[in-house]
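Source file final_6.csv; content: CSV, N, CA and C atoms.
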```
chain,number,residue,atom,x,y,z
C,234,GLN,N,15.6,1.2,13.8
C,234,GLN,CA,14.2,0.8,13.8
C,234,GLN,C,13.5,1.5,12.7
C,235,GLY,N,12.8,0.7,11.8
C,235,GLY,CA,12.1,1.3,10.6
C,235,GLY,C,10.8,2.0,11.0
C,236,GLN,N,10.5,2.9,10.2
C,236,GLN,CA,9.2,3.6,10.4
C,236,GLN,C,8.6,4.0,9.0
C,237,LEU,N,7.3,3.8,8.9
C,237,LEU,CA,6.6,4.2,7.7
C,237,LEU,C,5.6,5.3,8.1
C,238,VAL,N,5.5,6.3,7.2
C,238,VAL,CA,4.5,7.4,7.5
C,238,VAL,C,3.7,7.6,6.2
C,239,GLU,N,2.4,7.4,6.4
C,239,GLU,CA,1.5,7.6,5.2
C,239,GLU,C,0.9,9.0,5.2
C,240,SER,N,0.6,9.5,4.0
C,240,SER,CA,-0.1,10.8,3.9
C,240,SER,C,-0.9,10.7,2.6
C,241,GLY,N,-1.8,11.8,2.5
C,241,GLY,CA,-2.6,11.9,1.2
C,241,GLY,C,-4.0,11.5,1.3
C,242,GLY,N,-4.4,11.0,2.5
C,242,GLY,CA,-5.8,10.6,2.6
C,242,GLY,C,-6.7,11.9,2.7
C,243,GLY,N,-8.0,11.7,2.7
C,243,GLY,CA,-8.9,12.8,2.7
C,243,GLY,C,-10.3,12.4,2.3
C,244,LEU,N,-11.2,13.4,2.1
C,244,LEU,CA,-12.5,13.2,1.7
C,244,LEU,C,-12.6,13.5,0.2
C,245,VAL,N,-13.3,12.6,-0.6
C,245,VAL,CA,-13.4,12.8,-2.0
C,245,VAL,C,-14.8,12.3,-2.4
C,246,GLN,N,-15.3,12.9,-3.5
C,246,GLN,CA,-16.6,12.4,-4.0
C,246,GLN,C,-16.4,11.1,-4.8
C,247,ALA,N,-17.4,10.3,-4.9
C,247,ALA,CA,-17.4,9.1,-5.8
C,247,ALA,C,-17.0,9.5,-7.2
C,248,GLY,N,-16.1,8.7,-7.8
C,248,GLY,CA,-15.6,9.0,-9.1
C,248,GLY,C,-14.3,9.8,-9.1
C,249,GLY,N,-14.0,10.3,-7.9
C,249,GLY,CA,-12.8,11.1,-7.8
C,249,GLY,C,-11.5,10.3,-7.6
C,250,SER,N,-10.4,11.0,-7.4
C,250,SER,CA,-9.1,10.4,-7.3
C,250,SER,C,-8.3,10.9,-6.1
C,251,LEU,N,-7.5,10.1,-5.6
C,251,LEU,CA,-6.6,10.4,-4.5
C,251,LEU,C,-5.3,9.7,-4.7
C,252,THR,N,-4.2,10.3,-4.3
C,252,THR,CA,-2.9,9.6,-4.3
C,252,THR,C,-2.3,9.5,-2.9
C,253,LEU,N,-2.1,8.3,-2.4
C,253,LEU,CA,-1.5,8.1,-1.0
C,253,LEU,C,0.0,8.0,-1.2
C,254,SER,N,0.7,8.4,-0.2
C,254,SER,CA,2.2,8.3,-0.2
C,254,SER,C,2.6,7.6,1.1
C,255,CYS,N,3.6,6.8,1.1
C,255,CYS,CA,4.2,6.1,2.2
C,255,CYS,C,5.7,6.3,2.2
C,256,THR,N,6.2,7.1,3.1
C,256,THR,CA,7.6,7.4,3.2
C,256,THR,C,8.3,6.6,4.3
C,257,SER,N,9.4,6.0,4.0
C,257,SER,CA,10.1,5.2,5.0
C,257,SER,C,11.2,5.9,5.6
C,258,PHE,N,11.5,5.5,6.8
C,258,PHE,CA,12.7,6.0,7.6
C,258,PHE,C,13.4,4.8,8.3
C,259,GLY,N,14.7,4.8,8.2
C,259,GLY,CA,15.4,3.8,9.0
C,259,GLY,C,15.5,2.4,8.4
C,260,ILE,N,15.1,2.3,7.1
C,260,ILE,CA,15.3,1.0,6.4
C,260,ILE,C,15.9,1.2,5.1
C,261,THR,N,16.5,0.2,4.6
C,261,THR,CA,17.1,0.3,3.2
C,261,THR,C,15.9,0.0,2.2
C,262,PHE,N,15.3,1.1,1.8
C,262,PHE,CA,14.0,1.0,1.1
C,262,PHE,C,14.0,0.0,-0.1
C,263,SER,N,15.1,0.1,-0.8
C,263,SER,CA,15.2,-0.7,-2.0
C,263,SER,C,15.2,-2.2,-1.8
C,264,ASP,N,15.5,-2.6,-0.5
C,264,ASP,CA,15.5,-4.1,-0.2
C,264,ASP,C,14.1,-4.6,0.3
C,265,TYR,N,13.1,-3.7,0.2
C,265,TYR,CA,11.8,-4.1,0.8
C,265,TYR,C,10.7,-4.1,-0.3
C,266,ILE,N,9.9,-5.1,-0.2
C,266,ILE,CA,8.6,-5.0,-0.9
C,266,ILE,C,7.7,-4.1,-0.1
C,267,MET,N,6.8,-3.4,-0.8
C,267,MET,CA,5.9,-2.5,-0.2
C,267,MET,C,4.5,-2.9,-0.5
C,268,ALA,N,3.6,-2.6,0.4
C,268,ALA,CA,2.2,-3.0,0.2
C,268,ALA,C,1.2,-2.0,0.8
C,269,TRP,N,0.0,-2.0,0.3
C,269,TRP,CA,-1.1,-1.3,0.9
C,269,TRP,C,-2.2,-2.2,1.4
C,270,PHE,N,-2.7,-2.0,2.6
C,270,PHE,CA,-3.8,-2.7,3.1
C,270,PHE,C,-4.9,-1.6,3.5
C,271,ARG,N,-6.1,-2.1,3.7
C,271,ARG,CA,-7.1,-1.1,4.2
C,271,ARG,C,-8.0,-1.8,5.2
C,272,GLN,N,-8.7,-1.0,6.0
C,272,GLN,CA,-9.6,-1.5,7.0
C,272,GLN,C,-10.8,-0.6,7.0
C,273,ALA,N,-11.9,-1.1,6.6
C,273,ALA,CA,-13.2,-0.4,6.6
C,273,ALA,C,-13.9,-0.6,8.0
C,274,PRO,N,-14.8,0.3,8.3
C,274,PRO,CA,-15.4,0.2,9.6
C,274,PRO,C,-16.1,-1.1,9.8
C,275,GLY,N,-15.9,-1.8,10.9
C,275,GLY,CA,-16.5,-3.0,11.2
C,275,GLY,C,-16.0,-4.2,10.4
C,276,LYS,N,-14.9,-4.0,9.7
C,276,LYS,CA,-14.4,-5.1,8.8
C,276,LYS,C,-12.9,-5.4,9.2
C,277,GLU,N,-12.5,-6.6,8.8
C,277,GLU,CA,-11.1,-6.9,9.0
C,277,GLU,C,-10.2,-6.1,8.0
C,278,ARG,N,-8.9,-6.0,8.3
C,278,ARG,CA,-8.0,-5.4,7.4
C,278,ARG,C,-7.8,-6.3,6.2
C,279,GLU,N,-7.7,-5.7,5.0
C,279,GLU,CA,-7.6,-6.5,3.8
C,279,GLU,C,-6.5,-6.0,2.9
C,280,PHE,N,-6.0,-6.9,2.1
C,280,PHE,CA,-4.9,-6.6,1.2
C,280,PHE,C,-5.5,-5.7,0.0
C,281,VAL,N,-4.7,-4.7,-0.4
C,281,VAL,CA,-5.1,-3.9,-1.5
C,281,VAL,C,-4.1,-4.1,-2.7
C,282,ALA,N,-2.8,-3.9,-2.5
C,282,ALA,CA,-1.8,-3.9,-3.5
C,282,ALA,C,-0.4,-4.1,-3.0
C,283,THR,N,0.5,-4.6,-3.8
C,283,THR,CA,1.8,-4.8,-3.4
C,283,THR,C,2.8,-4.6,-4.6
C,284,ILE,N,4.0,-4.2,-4.3
C,284,ILE,CA,5.0,-4.0,-5.4
C,284,ILE,C,6.3,-4.6,-5.0
C,285,SER,N,7.0,-5.3,-5.9
C,285,SER,CA,8.2,-5.9,-5.6
C,285,SER,C,9.4,-4.9,-5.6
C,286,ARG,N,10.5,-5.4,-5.2
C,286,ARG,CA,11.7,-4.6,-5.3
C,286,ARG,C,11.9,-4.3,-6.8
C,287,ASN,N,12.5,-3.1,-7.0
C,287,ASN,CA,12.7,-2.7,-8.4
C,287,ASN,C,11.5,-2.5,-9.3
C,288,SER,N,10.3,-2.6,-8.6
C,288,SER,CA,9.0,-2.4,-9.4
C,288,SER,C,8.8,-3.4,-10.4
C,289,ARG,N,9.4,-4.6,-10.4
C,289,ARG,CA,9.3,-5.6,-11.4
C,289,ARG,C,7.9,-6.2,-11.5
C,290,ARG,N,7.3,-6.4,-10.3
C,290,ARG,CA,6.0,-7.0,-10.3
C,290,ARG,C,5.1,-6.3,-9.3
C,291,THR,N,3.8,-6.4,-9.7
C,291,THR,CA,2.8,-5.8,-8.8
C,291,THR,C,1.6,-6.8,-8.7
C,292,ASP,N,0.8,-6.7,-7.6
C,292,ASP,CA,-0.3,-7.6,-7.4
C,292,ASP,C,-1.4,-6.7,-6.8
C,293,TYR,N,-2.7,-7.0,-7.2
C,293,TYR,CA,-3.8,-6.2,-6.7
C,293,TYR,C,-4.9,-7.1,-6.3
C,294,ALA,N,-5.7,-6.6,-5.3
C,294,ALA,CA,-6.9,-7.2,-5.0
C,294,ALA,C,-7.9,-7.0,-6.2
C,295,ASP,N,-8.8,-8.0,-6.4
C,295,ASP,CA,-9.7,-7.9,-7.5
C,295,ASP,C,-10.6,-6.7,-7.4
C,296,SER,N,-10.9,-6.3,-6.2
C,296,SER,CA,-11.8,-5.1,-6.0
C,296,SER,C,-11.2,-3.8,-6.4
C,297,VAL,N,-9.9,-3.7,-6.6
C,297,VAL,CA,-9.3,-2.4,-7.0
C,297,VAL,C,-8.6,-2.5,-8.3
C,298,LYS,N,-8.5,-3.7,-8.9
C,298,LYS,CA,-7.7,-3.9,-10.1
C,298,LYS,C,-8.3,-3.0,-11.2
C,299,GLY,N,-7.5,-2.3,-11.9
C,299,GLY,CA,-7.9,-1.5,-13.0
C,299,GLY,C,-8.3,0.0,-12.5
C,300,ARG,N,-8.4,0.2,-11.2
C,300,ARG,CA,-8.7,1.5,-10.7
C,300,ARG,C,-7.5,2.1,-9.9
C,301,PHE,N,-6.8,1.2,-9.2
C,301,PHE,CA,-5.7,1.6,-8.3
C,301,PHE,C,-4.3,1.2,-9.0
C,302,THR,N,-3.3,2.0,-8.7
C,302,THR,CA,-2.0,1.7,-9.2
C,302,THR,C,-1.0,1.9,-8.1
C,303,ILE,N,-0.2,0.9,-7.8
C,303,ILE,CA,0.9,1.0,-6.8
C,303,ILE,C,2.2,1.3,-7.6
C,304,SER,N,3.0,2.2,-7.0
C,304,SER,CA,4.3,2.5,-7.6
C,304,SER,C,5.3,2.8,-6.4
C,305,ARG,N,6.5,3.0,-6.8
C,305,ARG,CA,7.5,3.3,-5.8
C,305,ARG,C,8.6,4.1,-6.4
C,306,ASP,N,9.3,5.0,-5.6
C,306,ASP,CA,10.4,5.8,-6.0
C,306,ASP,C,11.5,5.5,-5.0
C,307,ASP,N,12.4,4.7,-5.3
C,307,ASP,CA,13.5,4.3,-4.4
C,307,ASP,C,14.3,5.5,-4.0
C,308,SER,N,14.5,6.4,-4.9
C,308,SER,CA,15.3,7.6,-4.6
C,308,SER,C,14.7,8.5,-3.6
C,309,ARG,N,13.4,8.4,-3.4
C,309,ARG,CA,12.6,9.2,-2.4
C,309,ARG,C,12.2,8.3,-1.2
C,310,TYR,N,12.5,7.0,-1.2
C,310,TYR,CA,12.2,6.1,-0.1
C,310,TYR,C,10.7,6.1,0.1
C,311,THR,N,9.9,6.2,-1.0
C,311,THR,CA,8.5,6.4,-0.9
C,311,THR,C,7.7,5.4,-1.9
C,312,ALA,N,6.6,4.9,-1.4
C,312,ALA,CA,5.7,4.1,-2.2
C,312,ALA,C,4.4,4.9,-2.3
C,313,TYR,N,3.7,4.7,-3.4
C,313,TYR,CA,2.5,5.5,-3.7
C,313,TYR,C,1.3,4.5,-4.0
C,314,LEU,N,0.1,5.0,-3.8
C,314,LEU,CA,-1.1,4.3,-4.3
C,314,LEU,C,-2.0,5.3,-5.0
C,315,GLN,N,-2.0,5.3,-6.3
C,315,GLN,CA,-2.9,6.2,-7.0
C,315,GLN,C,-4.2,5.5,-7.1
C,316,MET,N,-5.3,6.2,-6.7
C,316,MET,CA,-6.6,5.6,-6.6
C,316,MET,C,-7.5,6.5,-7.5
C,317,ASN,N,-8.1,5.8,-8.5
C,317,ASN,CA,-9.0,6.5,-9.4
C,317,ASN,C,-10.4,5.8,-9.3
C,318,SER,N,-11.4,6.5,-9.9
C,318,SER,CA,-12.7,6.0,-9.9
C,318,SER,C,-13.2,5.5,-8.5
C,319,LEU,N,-12.9,6.3,-7.5
C,319,LEU,CA,-13.2,5.9,-6.2
C,319,LEU,C,-14.7,5.7,-5.9
C,320,GLU,N,-15.0,4.7,-5.1
C,320,GLU,CA,-16.4,4.3,-4.8
C,320,GLU,C,-16.5,4.4,-3.3
C,321,PRO,N,-17.8,4.6,-2.8
C,321,PRO,CA,-18.0,4.7,-1.4
C,321,PRO,C,-17.5,3.4,-0.6
C,322,GLU,N,-17.4,2.3,-1.3
C,322,GLU,CA,-16.9,1.1,-0.7
C,322,GLU,C,-15.4,1.1,-0.5
C,323,ASP,N,-14.8,2.1,-1.1
C,323,ASP,CA,-13.3,2.2,-0.8
C,323,ASP,C,-13.0,3.0,0.5
C,324,THR,N,-14.0,3.5,1.1
C,324,THR,CA,-13.9,4.2,2.4
C,324,THR,C,-13.2,3.3,3.4
C,325,ALA,N,-12.1,3.7,4.0
C,325,ALA,CA,-11.3,2.9,4.9
C,325,ALA,C,-10.1,3.6,5.4
C,326,ILE,N,-9.5,3.1,6.4
C,326,ILE,CA,-8.2,3.5,6.8
C,326,ILE,C,-7.2,2.7,6.0
C,327,TYR,N,-6.3,3.4,5.3
C,327,TYR,CA,-5.3,2.8,4.4
C,327,TYR,C,-3.9,2.7,5.1
C,328,TYR,N,-3.4,1.5,5.2
C,328,TYR,CA,-2.1,1.3,5.8
C,328,TYR,C,-1.0,0.9,4.8
C,329,CYS,N,0.2,1.4,4.9
C,329,CYS,CA,1.2,0.8,4.1
C,329,CYS,C,2.1,-0.1,5.0
C,330,ALA,N,2.7,-1.1,4.3
C,330,ALA,CA,3.5,-2.1,5.0
C,330,ALA,C,4.8,-2.4,4.2
C,331,ALA,N,5.8,-2.9,4.9
C,331,ALA,CA,7.0,-3.2,4.3
C,331,ALA,C,7.7,-4.5,4.8
C,332,GLN,N,8.3,-5.2,3.9
C,332,GLN,CA,9.0,-6.4,4.4
C,332,GLN,C,10.3,-6.6,3.6
C,333,CYS,N,11.4,-6.8,4.3
C,333,CYS,CA,12.7,-7.0,3.6
C,333,CYS,C,12.7,-8.4,3.0
C,334,THR,N,13.2,-8.4,1.8
C,334,THR,CA,13.3,-9.7,1.1
C,334,THR,C,14.5,-9.7,0.1
C,335,THR,N,15.0,-10.9,-0.1
C,335,THR,CA,16.0,-11.1,-1.2
C,335,THR,C,15.4,-11.4,-2.5
C,336,LEU,N,14.1,-11.7,-2.5
C,336,LEU,CA,13.4,-12.0,-3.8
C,336,LEU,C,13.3,-10.7,-4.7
C,337,ILE,N,13.4,-10.9,-5.9
C,337,ILE,CA,13.2,-9.8,-6.9
C,337,ILE,C,11.7,-9.8,-7.3
C,338,GLY,N,11.0,-11.0,-7.2
C,338,GLY,CA,9.6,-11.0,-7.5
C,338,GLY,C,8.7,-10.9,-6.3
C,339,LEU,N,7.6,-11.6,-6.3
C,339,LEU,CA,6.6,-11.6,-5.2
C,339,LEU,C,6.4,-13.0,-4.8
C,340,SER,N,6.4,-13.3,-3.5
C,340,SER,CA,6.1,-14.6,-3.0
C,340,SER,C,4.6,-14.8,-2.9
C,341,SER,N,4.2,-16.0,-2.6
C,341,SER,CA,2.7,-16.3,-2.5
C,341,SER,C,2.2,-15.7,-1.2
C,342,ALA,N,3.0,-15.2,-0.3
C,342,ALA,CA,2.6,-14.7,1.0
C,342,ALA,C,2.3,-13.2,1.0
C,343,VAL,N,2.5,-12.6,-0.1
C,343,VAL,CA,2.4,-11.1,-0.1
C,343,VAL,C,1.1,-10.5,0.3
C,344,ARG,N,0.0,-11.3,0.2
C,344,ARG,CA,-1.3,-10.8,0.5
C,344,ARG,C,-1.7,-11.0,2.0
C,345,GLN,N,-0.8,-11.6,2.7
C,345,GLN,CA,-1.0,-11.8,4.1
C,345,GLN,C,-0.4,-10.8,5.0
C,346,GLU,N,-1.2,-10.3,6.0
C,346,GLU,CA,-0.7,-9.3,6.9
C,346,GLU,C,0.6,-9.7,7.6
C,347,SER,N,0.6,-11.0,8.0
C,347,SER,CA,1.7,-11.5,8.8
C,347,SER,C,3.0,-11.5,8.0
C,348,HIS,N,3.0,-11.3,6.7
C,348,HIS,CA,4.2,-11.3,5.9
C,348,HIS,C,5.1,-10.0,6.2
C,349,TYR,N,4.4,-9.0,6.7
C,349,TYR,CA,5.1,-7.7,6.8
C,349,TYR,C,5.5,-7.3,8.2
C,350,ARG,N,6.8,-6.8,8.3
C,350,ARG,CA,7.3,-6.4,9.6
C,350,ARG,C,6.9,-5.0,10.0
C,351,TYR,N,7.0,-4.1,9.0
C,351,TYR,CA,6.8,-2.7,9.4
C,351,TYR,C,5.4,-2.2,8.8
C,352,TRP,N,4.8,-1.4,9.7
C,352,TRP,CA,3.4,-0.8,9.3
C,352,TRP,C,3.4,0.7,9.6
C,353,GLY,N,2.7,1.4,8.8
C,353,GLY,CA,2.4,2.8,9.1
C,353,GLY,C,1.2,2.9,10.0
C,354,GLN,N,0.9,4.2,10.4
C,354,GLN,CA,-0.1,4.5,11.3
C,354,GLN,C,-1.5,4.5,10.7
C,355,GLY,N,-1.5,4.6,9.4
C,355,GLY,CA,-2.7,4.7,8.6
C,355,GLY,C,-3.2,6.1,8.2
C,356,THR,N,-3.9,6.2,7.1
C,356,THR,CA,-4.5,7.4,6.7
C,356,THR,C,-5.9,7.2,6.2
C,357,GLN,N,-6.8,8.1,6.7
C,357,GLN,CA,-8.2,7.9,6.4
C,357,GLN,C,-8.6,8.3,5.0
C,358,VAL,N,-9.3,7.5,4.3
C,358,VAL,CA,-9.9,7.8,3.0
C,358,VAL,C,-11.4,7.7,3.1
C,359,THR,N,-12.1,8.7,2.8
C,359,THR,CA,-13.6,8.7,2.8
C,359,THR,C,-14.1,9.1,1.5
C,360,VAL,N,-15.0,8.3,0.9
C,360,VAL,CA,-15.5,8.5,-0.4
C,360,VAL,C,-17.0,8.7,-0.2
C,361,SER,N,-17.5,9.9,-0.6
C,361,SER,CA,-18.9,10.2,-0.4
C,361,SER,C,-19.7,9.9,-1.7
C,362,SER,N,-20.9,9.5,-1.5
C,362,SER,CA,-21.8,9.2,-2.7
C,362,SER,C,-22.5,10.4,-3.2
```
Any chance you could put this one into C-alpha cells?
Amino acid sequence: QGQLVESGGGLVQAGGSLTLSCTSFGITFSDYIMAWFRQAPGKEREFVATISRNSRRTDYADSVKGRFTISRDDSRYTAYLQMNSLEPEDTAIYYCAAQCTTLIGLSSAVRQESHYRYWGQGTQVTVSS
C-alpha cells in the first residue's frame, strides 16, 4: 500500500518562499506522475502543478505559473514544490498526489483529482500580508 508524506509547510510573509516535499513509501516512485493540489478555506481543492515520469514534462495552474516550480528526485522517492513570490491568496492546505502510468508524458486528465490514486495528508501553508 502506497503512502505519501508531505512536509515543509509553514507561515511566511508575502513575497517569501517555501519548498514543500512529498516523500513516497511503498510505490515504485519512478513509475508515477506526481502532482500538487491545494485547498483554501471555504474553497474546493484545486490543481497546482504536475510532473511526468523522468521529469520530461510539467504543467502548472495559471495562478502559479512563473512563481512555483515542481521537480522530483527519483533516487530519493521525493517530489518538491518550490514556491516563490508567495501571496496571501496562496494560503491553503497543500496536498501531493501520485498516479502510476505507462505514459512518459502527461495526459489530458492530470489536472483532475480523480486521476490520482494516492494522496498525502496535506501540509498547511499560510502567507501573511
Point (-4.4, 0.7, 2.5) neighbourhood (6 Å, only C-alpha atoms) written as a short mmCIF file (atom, residue, chain, number, x, y, z; two decimals) with N, CA and C atoms, in the frame of the given file:
```cif
data_model
loop_
_atom_site.label_atom_id
_atom_site.label_comp_id
_atom_site.auth_asym_id
_atom_site.auth_seq_id
_atom_site.Cartn_x
_atom_site.Cartn_y
_atom_site.Cartn_z
N TRP C 269 0.00 -2.00 0.30
CA TRP C 269 -1.10 -1.30 0.90
C TRP C 269 -2.20 -2.20 1.40
N PHE C 270 -2.70 -2.00 2.60
CA PHE C 270 -3.80 -2.70 3.10
C PHE C 270 -4.90 -1.60 3.50
N ARG C 271 -6.10 -2.10 3.70
CA ARG C 271 -7.10 -1.10 4.20
C ARG C 271 -8.00 -1.80 5.20
N TYR C 327 -6.30 3.40 5.30
CA TYR C 327 -5.30 2.80 4.40
C TYR C 327 -3.90 2.70 5.10
N TYR C 328 -3.40 1.50 5.20
CA TYR C 328 -2.10 1.30 5.80
C TYR C 328 -1.00 0.90 4.80
N CYS C 329 0.20 1.40 4.90
CA CYS C 329 1.20 0.80 4.10
C CYS C 329 2.10 -0.10 5.00
#
```
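One finds atom CA of Asp292 of chain C at 22.4 Å from atom CA of Pro321 of chain C.
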Exercise: Gly259 of chain C partners within 5 Å, all atoms listed in the file, chain neighbours under 2 positions left out, as a PDB file with N, CA and C atoms, in the frame of the given file:
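selection-v5.pdb, written as the output of this step:
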```pdb
ATOM      1  N   GLN C 234      15.600   1.200  13.800  1.00  0.00           N
ATOM      2  CA  GLN C 234      14.200   0.800  13.800  1.00  0.00           C
ATOM      3  C   GLN C 234      13.500   1.500  12.700  1.00  0.00           C
ATOM      4  N   GLY C 235      12.800   0.700  11.800  1.00  0.00           N
ATOM      5  CA  GLY C 235      12.100   1.300  10.600  1.00  0.00           C
ATOM      6  C   GLY C 235      10.800   2.000  11.000  1.00  0.00           C
ATOM      7  N   SER C 257       9.400   6.000   4.000  1.00  0.00           N
ATOM      8  CA  SER C 257      10.100   5.200   5.000  1.00  0.00           C
ATOM      9  C   SER C 257      11.200   5.900   5.600  1.00  0.00           C
ATOM     10  N   THR C 261      16.500   0.200   4.600  1.00  0.00           N
ATOM     11  CA  THR C 261      17.100   0.300   3.200  1.00  0.00           C
ATOM     12  C   THR C 261      15.900   0.000   2.200  1.00  0.00           C
TER      13      THR C 261
END
```
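Distances here use only N, CA and C atoms; by that measure, the residue among C:Glu320, C:Glu346, C:Asp306, C:Asp264 closest to Gln246 of chain C is C:Glu320.
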Enter the distance from atom CA of Gly242 of chain C to atom CA of Ser341 of chain C, in Å, rounded to one decimal. 28.7 Å
Which residues come within 10 Å of segment 279-289 of chain C, counting only C-alpha atoms, excluding same-chain residues fewer than 4 positions away, as an MDAnalysis selection string? chainID C and resid 262:273 293:298 301:307 312:314 327:331 333:340 343:346
Selection above as a file: N, CA and C atoms, as a CSV table (one decimal), in the frame of the given file:
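What follows is the written file selection39.csv:
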```
chain,number,residue,atom,x,y,z
C,262,PHE,N,15.3,1.1,1.8
C,262,PHE,CA,14.0,1.0,1.1
C,262,PHE,C,14.0,0.0,-0.1
C,263,SER,N,15.1,0.1,-0.8
C,263,SER,CA,15.2,-0.7,-2.0
C,263,SER,C,15.2,-2.2,-1.8
C,264,ASP,N,15.5,-2.6,-0.5
C,264,ASP,CA,15.5,-4.1,-0.2
C,264,ASP,C,14.1,-4.6,0.3
C,265,TYR,N,13.1,-3.7,0.2
C,265,TYR,CA,11.8,-4.1,0.8
C,265,TYR,C,10.7,-4.1,-0.3
C,266,ILE,N,9.9,-5.1,-0.2
C,266,ILE,CA,8.6,-5.0,-0.9
C,266,ILE,C,7.7,-4.1,-0.1
C,267,MET,N,6.8,-3.4,-0.8
C,267,MET,CA,5.9,-2.5,-0.2
C,267,MET,C,4.5,-2.9,-0.5
C,268,ALA,N,3.6,-2.6,0.4
C,268,ALA,CA,2.2,-3.0,0.2
C,268,ALA,C,1.2,-2.0,0.8
C,269,TRP,N,0.0,-2.0,0.3
C,269,TRP,CA,-1.1,-1.3,0.9
C,269,TRP,C,-2.2,-2.2,1.4
C,270,PHE,N,-2.7,-2.0,2.6
C,270,PHE,CA,-3.8,-2.7,3.1
C,270,PHE,C,-4.9,-1.6,3.5
C,271,ARG,N,-6.1,-2.1,3.7
C,271,ARG,CA,-7.1,-1.1,4.2
C,271,ARG,C,-8.0,-1.8,5.2
C,272,GLN,N,-8.7,-1.0,6.0
C,272,GLN,CA,-9.6,-1.5,7.0
C,272,GLN,C,-10.8,-0.6,7.0
C,273,ALA,N,-11.9,-1.1,6.6
C,273,ALA,CA,-13.2,-0.4,6.6
C,273,ALA,C,-13.9,-0.6,8.0
C,293,TYR,N,-2.7,-7.0,-7.2
C,293,TYR,CA,-3.8,-6.2,-6.7
C,293,TYR,C,-4.9,-7.1,-6.3
C,294,ALA,N,-5.7,-6.6,-5.3
C,294,ALA,CA,-6.9,-7.2,-5.0
C,294,ALA,C,-7.9,-7.0,-6.2
C,295,ASP,N,-8.8,-8.0,-6.4
C,295,ASP,CA,-9.7,-7.9,-7.5
C,295,ASP,C,-10.6,-6.7,-7.4
C,296,SER,N,-10.9,-6.3,-6.2
C,296,SER,CA,-11.8,-5.1,-6.0
C,296,SER,C,-11.2,-3.8,-6.4
C,297,VAL,N,-9.9,-3.7,-6.6
C,297,VAL,CA,-9.3,-2.4,-7.0
C,297,VAL,C,-8.6,-2.5,-8.3
C,298,LYS,N,-8.5,-3.7,-8.9
C,298,LYS,CA,-7.7,-3.9,-10.1
C,298,LYS,C,-8.3,-3.0,-11.2
C,301,PHE,N,-6.8,1.2,-9.2
C,301,PHE,CA,-5.7,1.6,-8.3
C,301,PHE,C,-4.3,1.2,-9.0
C,302,THR,N,-3.3,2.0,-8.7
C,302,THR,CA,-2.0,1.7,-9.2
C,302,THR,C,-1.0,1.9,-8.1
C,303,ILE,N,-0.2,0.9,-7.8
C,303,ILE,CA,0.9,1.0,-6.8
C,303,ILE,C,2.2,1.3,-7.6
C,304,SER,N,3.0,2.2,-7.0
C,304,SER,CA,4.3,2.5,-7.6
C,304,SER,C,5.3,2.8,-6.4
C,305,ARG,N,6.5,3.0,-6.8
C,305,ARG,CA,7.5,3.3,-5.8
C,305,ARG,C,8.6,4.1,-6.4
C,306,ASP,N,9.3,5.0,-5.6
C,306,ASP,CA,10.4,5.8,-6.0
C,306,ASP,C,11.5,5.5,-5.0
C,307,ASP,N,12.4,4.7,-5.3
C,307,ASP,CA,13.5,4.3,-4.4
C,307,ASP,C,14.3,5.5,-4.0
C,312,ALA,N,6.6,4.9,-1.4
C,312,ALA,CA,5.7,4.1,-2.2
C,312,ALA,C,4.4,4.9,-2.3
C,313,TYR,N,3.7,4.7,-3.4
C,313,TYR,CA,2.5,5.5,-3.7
C,313,TYR,C,1.3,4.5,-4.0
C,314,LEU,N,0.1,5.0,-3.8
C,314,LEU,CA,-1.1,4.3,-4.3
C,314,LEU,C,-2.0,5.3,-5.0
C,327,TYR,N,-6.3,3.4,5.3
C,327,TYR,CA,-5.3,2.8,4.4
C,327,TYR,C,-3.9,2.7,5.1
C,328,TYR,N,-3.4,1.5,5.2
C,328,TYR,CA,-2.1,1.3,5.8
C,328,TYR,C,-1.0,0.9,4.8
C,329,CYS,N,0.2,1.4,4.9
C,329,CYS,CA,1.2,0.8,4.1
C,329,CYS,C,2.1,-0.1,5.0
C,330,ALA,N,2.7,-1.1,4.3
C,330,ALA,CA,3.5,-2.1,5.0
C,330,ALA,C,4.8,-2.4,4.2
C,331,ALA,N,5.8,-2.9,4.9
C,331,ALA,CA,7.0,-3.2,4.3
C,331,ALA,C,7.7,-4.5,4.8
C,333,CYS,N,11.4,-6.8,4.3
C,333,CYS,CA,12.7,-7.0,3.6
C,333,CYS,C,12.7,-8.4,3.0
C,334,THR,N,13.2,-8.4,1.8
C,334,THR,CA,13.3,-9.7,1.1
C,334,THR,C,14.5,-9.7,0.1
C,335,THR,N,15.0,-10.9,-0.1
C,335,THR,CA,16.0,-11.1,-1.2
C,335,THR,C,15.4,-11.4,-2.5
C,336,LEU,N,14.1,-11.7,-2.5
C,336,LEU,CA,13.4,-12.0,-3.8
C,336,LEU,C,13.3,-10.7,-4.7
C,337,ILE,N,13.4,-10.9,-5.9
C,337,ILE,CA,13.2,-9.8,-6.9
C,337,ILE,C,11.7,-9.8,-7.3
C,338,GLY,N,11.0,-11.0,-7.2
C,338,GLY,CA,9.6,-11.0,-7.5
C,338,GLY,C,8.7,-10.9,-6.3
C,339,LEU,N,7.6,-11.6,-6.3
C,339,LEU,CA,6.6,-11.6,-5.2
C,339,LEU,C,6.4,-13.0,-4.8
C,340,SER,N,6.4,-13.3,-3.5
C,340,SER,CA,6.1,-14.6,-3.0
C,340,SER,C,4.6,-14.8,-2.9
C,343,VAL,N,2.5,-12.6,-0.1
C,343,VAL,CA,2.4,-11.1,-0.1
C,343,VAL,C,1.1,-10.5,0.3
C,344,ARG,N,0.0,-11.3,0.2
C,344,ARG,CA,-1.3,-10.8,0.5
C,344,ARG,C,-1.7,-11.0,2.0
C,345,GLN,N,-0.8,-11.6,2.7
C,345,GLN,CA,-1.0,-11.8,4.1
C,345,GLN,C,-0.4,-10.8,5.0
C,346,GLU,N,-1.2,-10.3,6.0
C,346,GLU,CA,-0.7,-9.3,6.9
C,346,GLU,C,0.6,-9.7,7.6
```
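Taking only C-alpha atoms into account, Ser362 of chain C lies nearest to C:Ala247 out of the set C:Ser318, C:Ala247, C:Gln332, C:Pro274.
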Between atom CA of Val360 of chain C and atom CA of Thr252 of chain C, what is the distance in Å, rounded to a tenth?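 Computing it gives 13.2 Å between the two atoms.
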Counting only C-alpha atoms, figure out which residue out of C:Cys255, C:Ala342, C:Tyr351, C:Val245 gets nearest to Asn317 of chain C.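 Of C:Cys255, C:Ala342, C:Tyr351, C:Val245, the one nearest Asn317 of chain C, counting only C-alpha atoms, is C:Val245.
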